[in-house]
Number of protein chains: 2
Amino acid sequence: MKLNVVVAEAALELVPTELQRTTVVRNDSLRRGVNPSRMLLDRSFHHVAMLKLKDDFKRGRPDIVHATLLSLTSTPLYLDGFVTVYVHTHGDIVLEIKEGTRLPKSYLRFRGLMEKVLSEGGGEGLITMRKATIRELLKDIQPDWVCGLSTQGVSMSLEELSGKVIARKNPCIMIGGFPHGHFSSETLKQVDELVRIHSRPLEAHVVAARLLYVIEKRIEEKRTND
Amino acid sequence: MKLNVVVAEAALELVPTELQRTTVVRNDSLRRGVNPSRMLLDRSFHHVAMLKLKDDFKRGRPDIVHATLLSLTSTPLYLDGFVTVYVHTHGDIVLEIKEGTRLPKSYLRFRGLMEKVLSEGGGEGLITMRKATIRELLKDIQPDWVCGLSTQGVSMSLEELSGKVIARKNPCIMIGGFPHGHFSSETLKQVDELVRIHSRPLEAHVVAARLLYVIEKRIEEKRTND
């Protein structure tokens with residue numbers, strides 16, 4: 001089993017053109033000494049300017065993406081090569097984290113890396129970037145099962161879900177990489193099963209940590225029983 | 001059961017006096033517009049200056065402390081009031097996170113909060129600060145069991161560990177909040193049991209996420225059985 005995890009509709013993007021001349025963005029740009037076109041959109045700093053954006057409540061949260069990627073890539077399952085991690089962004093850009101890549105734990109280093117990748121189209125061979133919708137990404141991955149995690153899904157325990165995952169050869173799990181709201185209808189169309197794993201909404205990094213832990217346990221149990 | 005989690009010997013501190021006049025710290029201070037005495041020590045920026053510090057390999061990693069606190073405080077167990085979170089720093093300062101406090105997910109906001117708390121001795125009622133060793137902190141908590149998690153400990157599954165935790169009224173678990181090395185001998189003296197939960201060393205935020213997940217599951221099972 002090789003698990004594909006897609007952090008979907010992730011709130012990660014460069015400052016869009018229409019916000020680059022706003023006061024908050026220009027001030028942030030001056031403070032940082034970075035051109036607005038090469039800066040990550042960040043709600044913490046660009047809140048006022050973001051209010052005009054479409055879907056603003058789902059965008060500009062690189063901190064959420066960072067925490068989720070750290071949760072995924074710090075696990076034994078990832079480190080042992082069982083997991084491929086993709087980030088699909090709100091703007092239909094796909095980043096693929098090359099197997100074994102250790103992402104910066106320092107947010108400021110992560111921000112620098114993401115700004116480089118998104119501005120220059122890739123990052124030193126460790127991260128590849130391309131324009132792709134969820135549908136196009138899944139065409140490449142060719143998963144034998146696509147499961148989206150969402151509070152709108154059917155309730156299922158993580159144990160049961162993990163059993164389904166390890167029964168497949170090339171499953172794909174999608175975790176929303178945004179702070180509020182739900183998957184878009186475009187994303188939902190690509191999902192075979194939509195699953196809710198907890199009675200409350202959980203943050204993406206919590207979902208990521210739990211999912212990979214329980215799958216790891218199931219793989220261990222299977223090995224012991226075989 | 002009320003669980004106390006101590007992030008122990010955490011790599012969180014203000015820039016120590018002896019480094020405040022070094023070139024890298026002064027440059028960072030100028031760039032940020034913050035006095036060196038009010039800045040967090042951060043390996044990402046102050047590496048060269050830190051090489052002279054005692055125990056430098058265990059210090060200056062606020063990113064690790066942030067990730068670990070987010071892992072702890074984003075869990076249903078914490079949000080439901082079952083967990084009190086303490087940070088004990090390398091320099092014997094104790095921060096207590098007041099029940100229900102949501103910490104900033106944005107690292108830059110977290111850094112600002114921690115710099116305020118450590119410089120001014122507390123943070124808007126949500127975080128209290130005092131000088132205290134691990135021994136003094138435990139005198140306050142009065143736990144009925146103190147368990148340290150360490151690769152030097154006795155191997156035990158998280159399930160077994162969680163069973164022990166929920167059998168107590170006021171247990172305390174210590175997770176090391178540093179990147180390398182082990183608990184100090186002072187810390188080890190305060191521990192009733194030293195436990196290793198995985199065949200590989202795990203990062204503190206991974207340990208935190210797994211620990212609270214498995215305890216949550218055990219509490220649910222117990223409720224169902226009662």
# chains A, B, ... in the order shown; residues from 1 in each chain; ligands from 1

$ interface_residues --of "chain B" --to "chain A" --cutoff "12 Å" --atoms "only C-alpha atoms" --output "ChimeraX atom specification"
/B:30-33,42-45,60-77,79-80,104-111,157-159,179,198-214,216-217

$ write_last_selection --atoms "C-alpha atoms" --output "PDB file, in the first residue's frame"
ATOM      1  CA  LEU B  30      17.513  46.038  13.576  1.00  0.00           C
ATOM      2  CA  ARG B  31      15.556  44.130  10.924  1.00  0.00           C
ATOM      3  CA  ARG B  32      12.692  43.452  13.304  1.00  0.00           C
ATOM      4  CA  GLY B  33      12.760  46.750  15.182  1.00  0.00           C
ATOM      5  CA  ASP B  42      15.987  31.365  17.580  1.00  0.00           C
ATOM      6  CA  ARG B  43      18.471  28.969  16.054  1.00  0.00           C
ATOM      7  CA  SER B  44      17.211  29.872  12.560  1.00  0.00           C
ATOM      8  CA  PHE B  45      18.681  33.341  12.956  1.00  0.00           C
ATOM      9  CA  GLY B  60      16.530  28.367  20.793  1.00  0.00           C
ATOM     10  CA  ARG B  61      13.821  26.350  19.039  1.00  0.00           C
ATOM     11  CA  PRO B  62      10.558  28.245  19.611  1.00  0.00           C
ATOM     12  CA  ASP B  63       9.196  26.526  16.464  1.00  0.00           C
ATOM     13  CA  ILE B  64       9.294  23.166  18.254  1.00  0.00           C
ATOM     14  CA  VAL B  65       7.495  24.590  21.282  1.00  0.00           C
ATOM     15  CA  HIS B  66       4.877  26.208  19.033  1.00  0.00           C
ATOM     16  CA  ALA B  67       4.177  23.002  17.072  1.00  0.00           C
ATOM     17  CA  THR B  68       3.913  21.008  20.304  1.00  0.00           C
ATOM     18  CA  LEU B  69       1.547  23.483  21.961  1.00  0.00           C
ATOM     19  CA  LEU B  70      -0.649  23.546  18.833  1.00  0.00           C
ATOM     20  CA  SER B  71      -0.770  19.739  18.821  1.00  0.00           C
ATOM     21  CA  LEU B  72      -1.871  19.753  22.456  1.00  0.00           C
ATOM     22  CA  THR B  73      -4.340  22.639  22.423  1.00  0.00           C
ATOM     23  CA  SER B  74      -6.137  21.680  19.181  1.00  0.00           C
ATOM     24  CA  THR B  75      -7.360  18.351  20.580  1.00  0.00           C
ATOM     25  CA  PRO B  76     -10.918  17.640  21.743  1.00  0.00           C
ATOM     26  CA  LEU B  77      -9.460  16.475  25.088  1.00  0.00           C
ATOM     27  CA  LEU B  79     -10.921  21.779  24.358  1.00  0.00           C
ATOM     28  CA  ASP B  80     -13.168  19.761  26.676  1.00  0.00           C
ATOM     29  CA  PRO B 104      -2.111  31.646  17.793  1.00  0.00           C
ATOM     30  CA  LYS B 105      -1.656  29.231  14.892  1.00  0.00           C
ATOM     31  CA  SER B 106       0.390  31.868  13.104  1.00  0.00           C
ATOM     32  CA  TYR B 107       3.993  31.526  14.249  1.00  0.00           C
ATOM     33  CA  LEU B 108       4.619  35.265  14.026  1.00  0.00           C
ATOM     34  CA  ARG B 109       1.699  35.951  16.356  1.00  0.00           C
ATOM     35  CA  PHE B 110       2.888  33.186  18.681  1.00  0.00           C
ATOM     36  CA  ARG B 111       6.374  34.710  18.728  1.00  0.00           C
ATOM     37  CA  SER B 157       2.648   0.925  23.849  1.00  0.00           C
ATOM     38  CA  LEU B 158       0.643   4.130  23.884  1.00  0.00           C
ATOM     39  CA  GLU B 159      -2.440   2.012  24.645  1.00  0.00           C
ATOM     40  CA  PRO B 179      15.386  19.146  19.398  1.00  0.00           C
ATOM     41  CA  HIS B 198       8.095   4.161  19.714  1.00  0.00           C
ATOM     42  CA  SER B 199      10.988   2.311  18.156  1.00  0.00           C
ATOM     43  CA  ARG B 200      12.211   5.573  16.633  1.00  0.00           C
ATOM     44  CA  PRO B 201      12.665   8.965  18.233  1.00  0.00           C
ATOM     45  CA  LEU B 202       9.572  11.067  17.557  1.00  0.00           C
ATOM     46  CA  GLU B 203       9.287  14.822  17.445  1.00  0.00           C
ATOM     47  CA  ALA B 204       7.560  16.412  20.428  1.00  0.00           C
ATOM     48  CA  HIS B 205       4.514  17.539  18.416  1.00  0.00           C
ATOM     49  CA  VAL B 206       4.010  14.012  17.077  1.00  0.00           C
ATOM     50  CA  VAL B 207       4.226  12.581  20.594  1.00  0.00           C
ATOM     51  CA  ALA B 208       1.739  15.176  21.847  1.00  0.00           C
ATOM     52  CA  ALA B 209      -0.801  14.464  19.092  1.00  0.00           C
ATOM     53  CA  ARG B 210      -0.621  10.687  19.522  1.00  0.00           C
ATOM     54  CA  LEU B 211      -0.700  10.744  23.299  1.00  0.00           C
ATOM     55  CA  LEU B 212      -3.840  12.855  23.509  1.00  0.00           C
ATOM     56  CA  TYR B 213      -5.559  10.912  20.735  1.00  0.00           C
ATOM     57  CA  VAL B 214      -5.048   7.546  22.425  1.00  0.00           C
ATOM     58  CA  GLU B 216      -9.226  10.333  24.253  1.00  0.00           C
ATOM     59  CA  LYS B 217     -10.038   6.924  22.750  1.00  0.00           C
TER      60      LYS B 217
END

$ select_by_dssp --residues "segment 4-202 of chain A" --states "strand (DSSP E)" --output "PyMOL selection string"
chain A and resi 4-10+83-89+93-97+122-123+127-131+145-155+171-176+193-196

$ write_last_selection --atoms "N, CA and C atoms" --output "compact mmCIF listing (two decimals), in the first residue's frame"
# COMPACT_ATOMS: atom_id res chain seq x y z
N ASN A 4 -1.59 8.12 -0.77
CA ASN A 4 -1.47 9.49 -1.27
C ASN A 4 -2.31 10.39 -0.37
N VAL A 5 -1.70 11.42 0.17
CA VAL A 5 -2.48 12.39 0.94
C VAL A 5 -2.46 13.71 0.19
N VAL A 6 -3.64 14.23 -0.09
CA VAL A 6 -3.74 15.53 -0.75
C VAL A 6 -4.29 16.55 0.24
N VAL A 7 -3.52 17.57 0.53
CA VAL A 7 -4.03 18.70 1.30
C VAL A 7 -4.74 19.57 0.25
N ALA A 8 -6.07 19.52 0.25
CA ALA A 8 -6.84 20.02 -0.89
C ALA A 8 -7.36 21.44 -0.66
N GLU A 9 -7.42 22.20 -1.74
CA GLU A 9 -7.90 23.59 -1.70
C GLU A 9 -7.15 24.38 -0.62
N ALA A 10 -5.85 24.09 -0.50
CA ALA A 10 -5.05 24.66 0.57
C ALA A 10 -4.97 26.19 0.47
N VAL A 83 4.03 7.17 2.25
CA VAL A 83 3.10 8.26 1.99
C VAL A 83 3.67 9.25 0.98
N THR A 84 2.90 9.60 -0.02
CA THR A 84 3.26 10.73 -0.89
C THR A 84 2.33 11.88 -0.55
N VAL A 85 2.91 13.04 -0.36
CA VAL A 85 2.14 14.21 0.07
C VAL A 85 2.03 15.21 -1.07
N TYR A 86 0.81 15.64 -1.34
CA TYR A 86 0.55 16.67 -2.34
C TYR A 86 -0.17 17.83 -1.66
N VAL A 87 0.13 19.03 -2.14
CA VAL A 87 -0.66 20.19 -1.76
C VAL A 87 -1.37 20.68 -3.02
N HIS A 88 -2.68 20.70 -2.97
CA HIS A 88 -3.45 21.30 -4.07
C HIS A 88 -3.99 22.61 -3.53
N THR A 89 -3.69 23.73 -4.19
CA THR A 89 -4.06 25.02 -3.62
C THR A 89 -5.40 25.51 -4.16
N ILE A 93 -2.98 25.05 -8.07
CA ILE A 93 -1.57 24.72 -8.24
C ILE A 93 -1.32 23.47 -7.40
N VAL A 94 -0.53 22.55 -7.92
CA VAL A 94 -0.23 21.34 -7.18
C VAL A 94 1.26 21.28 -6.87
N LEU A 95 1.57 21.12 -5.59
CA LEU A 95 2.95 20.89 -5.17
C LEU A 95 3.08 19.42 -4.77
N GLU A 96 4.11 18.78 -5.25
CA GLU A 96 4.38 17.41 -4.82
C GLU A 96 5.65 17.41 -4.01
N ILE A 97 5.54 16.90 -2.79
CA ILE A 97 6.71 16.87 -1.90
C ILE A 97 7.46 15.59 -2.20
N GLY A 122 9.11 25.81 -8.56
CA GLY A 122 9.69 24.57 -8.04
C GLY A 122 10.72 24.88 -6.97
N GLY A 123 11.19 23.87 -6.28
CA GLY A 123 12.13 24.14 -5.19
C GLY A 123 13.22 23.11 -5.08
N ILE A 127 10.59 19.81 -4.21
CA ILE A 127 9.17 20.09 -4.39
C ILE A 127 8.95 20.43 -5.85
N THR A 128 8.05 19.71 -6.50
CA THR A 128 7.72 20.06 -7.88
C THR A 128 6.39 20.80 -7.89
N MET A 129 6.23 21.68 -8.87
CA MET A 129 5.03 22.49 -8.95
C MET A 129 4.44 22.42 -10.34
N ARG A 130 3.12 22.34 -10.42
CA ARG A 130 2.46 22.43 -11.72
C ARG A 130 1.06 23.00 -11.54
N LYS A 131 0.49 23.53 -12.61
CA LYS A 131 -0.91 23.95 -12.62
C LYS A 131 -1.74 22.69 -12.78
N TRP A 145 -8.98 4.39 -4.82
CA TRP A 145 -10.04 4.83 -3.92
C TRP A 145 -9.74 6.27 -3.50
N VAL A 146 -10.73 7.14 -3.58
CA VAL A 146 -10.54 8.54 -3.16
C VAL A 146 -11.51 8.83 -2.02
N CYS A 147 -10.94 9.19 -0.88
CA CYS A 147 -11.77 9.47 0.29
C CYS A 147 -11.52 10.89 0.76
N GLY A 148 -12.58 11.67 0.87
CA GLY A 148 -12.45 13.02 1.39
C GLY A 148 -12.87 13.06 2.86
N LEU A 149 -12.13 13.78 3.68
CA LEU A 149 -12.50 13.90 5.09
C LEU A 149 -13.20 15.24 5.30
N SER A 150 -14.40 15.17 5.85
CA SER A 150 -15.23 16.38 5.96
C SER A 150 -16.32 16.16 7.00
N THR A 151 -16.65 17.23 7.70
CA THR A 151 -17.76 17.13 8.66
C THR A 151 -19.08 16.89 7.94
N GLN A 152 -19.10 17.07 6.61
CA GLN A 152 -20.32 16.79 5.84
C GLN A 152 -20.43 15.31 5.44
N GLY A 153 -19.42 14.50 5.78
CA GLY A 153 -19.40 13.11 5.35
C GLY A 153 -20.16 12.18 6.28
N VAL A 154 -20.10 10.90 5.97
CA VAL A 154 -20.73 9.85 6.76
C VAL A 154 -19.80 9.50 7.93
N SER A 155 -20.35 9.40 9.13
CA SER A 155 -19.51 9.12 10.30
C SER A 155 -18.85 7.74 10.19
N PRO A 171 -4.48 4.10 -2.44
CA PRO A 171 -5.59 4.96 -2.01
C PRO A 171 -5.17 6.44 -1.92
N CYS A 172 -6.16 7.29 -1.94
CA CYS A 172 -5.91 8.73 -1.82
C CYS A 172 -6.87 9.33 -0.79
N ILE A 173 -6.30 10.03 0.18
CA ILE A 173 -7.13 10.71 1.17
C ILE A 173 -6.97 12.21 0.98
N MET A 174 -8.09 12.92 1.00
CA MET A 174 -8.05 14.38 0.86
C MET A 174 -8.43 15.04 2.19
N ILE A 175 -7.57 15.95 2.63
CA ILE A 175 -7.81 16.73 3.84
C ILE A 175 -7.92 18.19 3.41
N GLY A 176 -8.93 18.88 3.86
CA GLY A 176 -9.07 20.29 3.49
C GLY A 176 -7.99 21.14 4.14
N GLU A 193 -15.79 8.46 -1.53
CA GLU A 193 -16.48 8.43 -0.25
C GLU A 193 -16.13 9.68 0.54
N LEU A 194 -17.12 10.26 1.19
CA LEU A 194 -16.90 11.44 2.02
C LEU A 194 -17.14 11.00 3.47
N VAL A 195 -16.12 11.16 4.31
CA VAL A 195 -16.14 10.56 5.64
C VAL A 195 -15.91 11.60 6.72
N ARG A 196 -16.66 11.46 7.79
CA ARG A 196 -16.49 12.31 8.96
C ARG A 196 -15.88 11.45 10.07

$ atom_distance --atom1 "atom CA of Glu186 of chain A" --atom2 "atom CA of Leu53 of chain A"
19.6 Å

$ atom_distance --atom1 "atom CA of Leu118 of chain A" --atom2 "atom CA of Leu40 of chain B"
29.0 Å

$ residues_around --residues "Lys58 of chain B" --least-positions-apart "5" --cutoff "8 Å" --atoms "only C-alpha atoms" --output "number ranges by chain"
B: 11, 178-181

$ residues_around --residues "Gln142 of chain B" --least-positions-apart "6" --cutoff "12 Å" --atoms "only C-alpha atoms" --output "NGL selection string"
:B and (2-4 or 134-136 or 169-172 or 190)

$ atom_distance --atom1 "atom CA of Ser119 of chain B" --atom2 "atom CA of Pro36 of chain B"
11.0 Å

$ closest_residue --among "A:His90, A:Asp140, A:Val117, A:Ser37" --to "Gly177 of chain A" --atoms "only C-alpha atoms"
A:His90

$ decode --residues "segment 4-17 of chain B" --atoms "all heavy atoms" --output "JSON list (two decimals), in the first residue's frame"
[["chain", "number", "residue", "atom", "x", "y", "z"],
["B", 4, "ASN", "N", -2.17, 16.50, 33.37],
["B", 4, "ASN", "CA", -1.22, 17.60, 33.28],
["B", 4, "ASN", "C", -0.14, 17.23, 32.27],
["B", 4, "ASN", "O", 0.47, 16.19, 32.40],
["B", 4, "ASN", "CB", -0.56, 17.84, 34.65],
["B", 4, "ASN", "CG", -1.58, 18.12, 35.72],
["B", 4, "ASN", "OD1", -2.09, 19.23, 35.84],
["B", 4, "ASN", "ND2", -1.92, 17.10, 36.51],
["B", 5, "VAL", "N", 0.05, 18.07, 31.28],
["B", 5, "VAL", "CA", 1.14, 17.83, 30.33],
["B", 5, "VAL", "C", 2.17, 18.94, 30.51],
["B", 5, "VAL", "O", 1.83, 20.13, 30.45],
["B", 5, "VAL", "CB", 0.65, 17.80, 28.87],
["B", 5, "VAL", "CG1", 1.82, 17.62, 27.92],
["B", 5, "VAL", "CG2", -0.38, 16.70, 28.66],
["B", 6, "VAL", "N", 3.40, 18.53, 30.76],
["B", 6, "VAL", "CA", 4.49, 19.51, 30.89],
["B", 6, "VAL", "C", 5.41, 19.36, 29.67],
["B", 6, "VAL", "O", 5.96, 18.28, 29.44],
["B", 6, "VAL", "CB", 5.29, 19.29, 32.19],
["B", 6, "VAL", "CG1", 6.44, 20.29, 32.26],
["B", 6, "VAL", "CG2", 4.39, 19.41, 33.41],
["B", 7, "VAL", "N", 5.53, 20.42, 28.90],
["B", 7, "VAL", "CA", 6.55, 20.45, 27.84],
["B", 7, "VAL", "C", 7.83, 20.89, 28.57],
["B", 7, "VAL", "O", 7.97, 22.05, 28.95],
["B", 7, "VAL", "CB", 6.16, 21.42, 26.72],
["B", 7, "VAL", "CG1", 7.21, 21.41, 25.61],
["B", 7, "VAL", "CG2", 4.78, 21.06, 26.15],
["B", 8, "ALA", "N", 8.71, 19.93, 28.82],
["B", 8, "ALA", "CA", 9.80, 20.14, 29.79],
["B", 8, "ALA", "C", 11.10, 20.55, 29.12],
["B", 8, "ALA", "O", 11.41, 20.11, 28.02],
["B", 8, "ALA", "CB", 10.00, 18.87, 30.60],
["B", 9, "GLU", "N", 11.86, 21.40, 29.83],
["B", 9, "GLU", "CA", 13.15, 21.90, 29.33],
["B", 9, "GLU", "C", 12.99, 22.48, 27.93],
["B", 9, "GLU", "O", 13.85, 22.30, 27.06],
["B", 9, "GLU", "CB", 14.20, 20.79, 29.34],
["B", 9, "GLU", "CG", 14.45, 20.19, 30.72],
["B", 9, "GLU", "CD", 15.42, 19.02, 30.68],
["B", 9, "GLU", "OE1", 16.41, 19.11, 29.92],
["B", 9, "GLU", "OE2", 15.20, 18.05, 31.42],
["B", 10, "ALA", "N", 11.86, 23.15, 27.72],
["B", 10, "ALA", "CA", 11.53, 23.65, 26.39],
["B", 10, "ALA", "C", 12.55, 24.67, 25.89],
["B", 10, "ALA", "O", 13.05, 25.50, 26.65],
["B", 10, "ALA", "CB", 10.13, 24.27, 26.41],
["B", 11, "ALA", "N", 12.83, 24.59, 24.59],
["B", 11, "ALA", "CA", 13.84, 25.44, 23.95],
["B", 11, "ALA", "C", 13.26, 26.82, 23.65],
["B", 11, "ALA", "O", 13.26, 27.29, 22.51],
["B", 11, "ALA", "CB", 14.34, 24.76, 22.68],
["B", 12, "LEU", "N", 12.75, 27.45, 24.71],
["B", 12, "LEU", "CA", 12.06, 28.75, 24.59],
["B", 12, "LEU", "C", 12.66, 29.71, 25.60],
["B", 12, "LEU", "O", 12.60, 29.46, 26.81],
["B", 12, "LEU", "CB", 10.57, 28.54, 24.89],
["B", 12, "LEU", "CG", 9.66, 29.77, 24.76],
["B", 12, "LEU", "CD1", 9.37, 30.06, 23.29],
["B", 12, "LEU", "CD2", 8.35, 29.55, 25.52],
["B", 13, "GLU", "N", 13.23, 30.81, 25.13],
["B", 13, "GLU", "CA", 13.79, 31.79, 26.05],
["B", 13, "GLU", "C", 14.06, 33.08, 25.28],
["B", 13, "GLU", "O", 14.14, 33.08, 24.05],
["B", 13, "GLU", "CB", 15.11, 31.28, 26.65],
["B", 13, "GLU", "CG", 16.24, 31.08, 25.64],
["B", 13, "GLU", "CD", 17.50, 30.46, 26.25],
["B", 13, "GLU", "OE1", 18.10, 31.09, 27.15],
["B", 13, "GLU", "OE2", 17.87, 29.34, 25.82],
["B", 14, "LEU", "N", 14.21, 34.17, 26.01],
["B", 14, "LEU", "CA", 14.66, 35.41, 25.37],
["B", 14, "LEU", "C", 16.16, 35.30, 25.10],
["B", 14, "LEU", "O", 16.85, 34.48, 25.72],
["B", 14, "LEU", "CB", 14.36, 36.61, 26.29],
["B", 14, "LEU", "CG", 12.87, 36.85, 26.57],
["B", 14, "LEU", "CD1", 12.69, 37.95, 27.62],
["B", 14, "LEU", "CD2", 12.11, 37.21, 25.30],
["B", 15, "VAL", "N", 16.65, 36.10, 24.18],
["B", 15, "VAL", "CA", 18.08, 36.10, 23.88],
["B", 15, "VAL", "C", 18.85, 36.40, 25.18],
["B", 15, "VAL", "O", 18.60, 37.42, 25.83],
["B", 15, "VAL", "CB", 18.43, 37.17, 22.82],
["B", 15, "VAL", "CG1", 19.94, 37.28, 22.63],
["B", 15, "VAL", "CG2", 17.77, 36.84, 21.48],
["B", 16, "PRO", "N", 19.75, 35.52, 25.61],
["B", 16, "PRO", "CA", 20.46, 35.76, 26.87],
["B", 16, "PRO", "C", 21.39, 36.97, 26.77],
["B", 16, "PRO", "O", 21.86, 37.30, 25.67],
["B", 16, "PRO", "CB", 21.28, 34.48, 27.08],
["B", 16, "PRO", "CG", 21.02, 33.58, 25.93],
["B", 16, "PRO", "CD", 20.13, 34.27, 24.95],
["B", 17, "THR", "N", 21.61, 37.62, 27.89],
["B", 17, "THR", "CA", 22.40, 38.86, 27.94],
["B", 17, "THR", "C", 23.72, 38.74, 27.17],
["B", 17, "THR", "O", 24.07, 39.63, 26.39],
["B", 17, "THR", "CB", 22.72, 39.23, 29.41],
["B", 17, "THR", "OG1", 21.54, 39.02, 30.17],
["B", 17, "THR", "CG2", 23.16, 40.67, 29.53]]
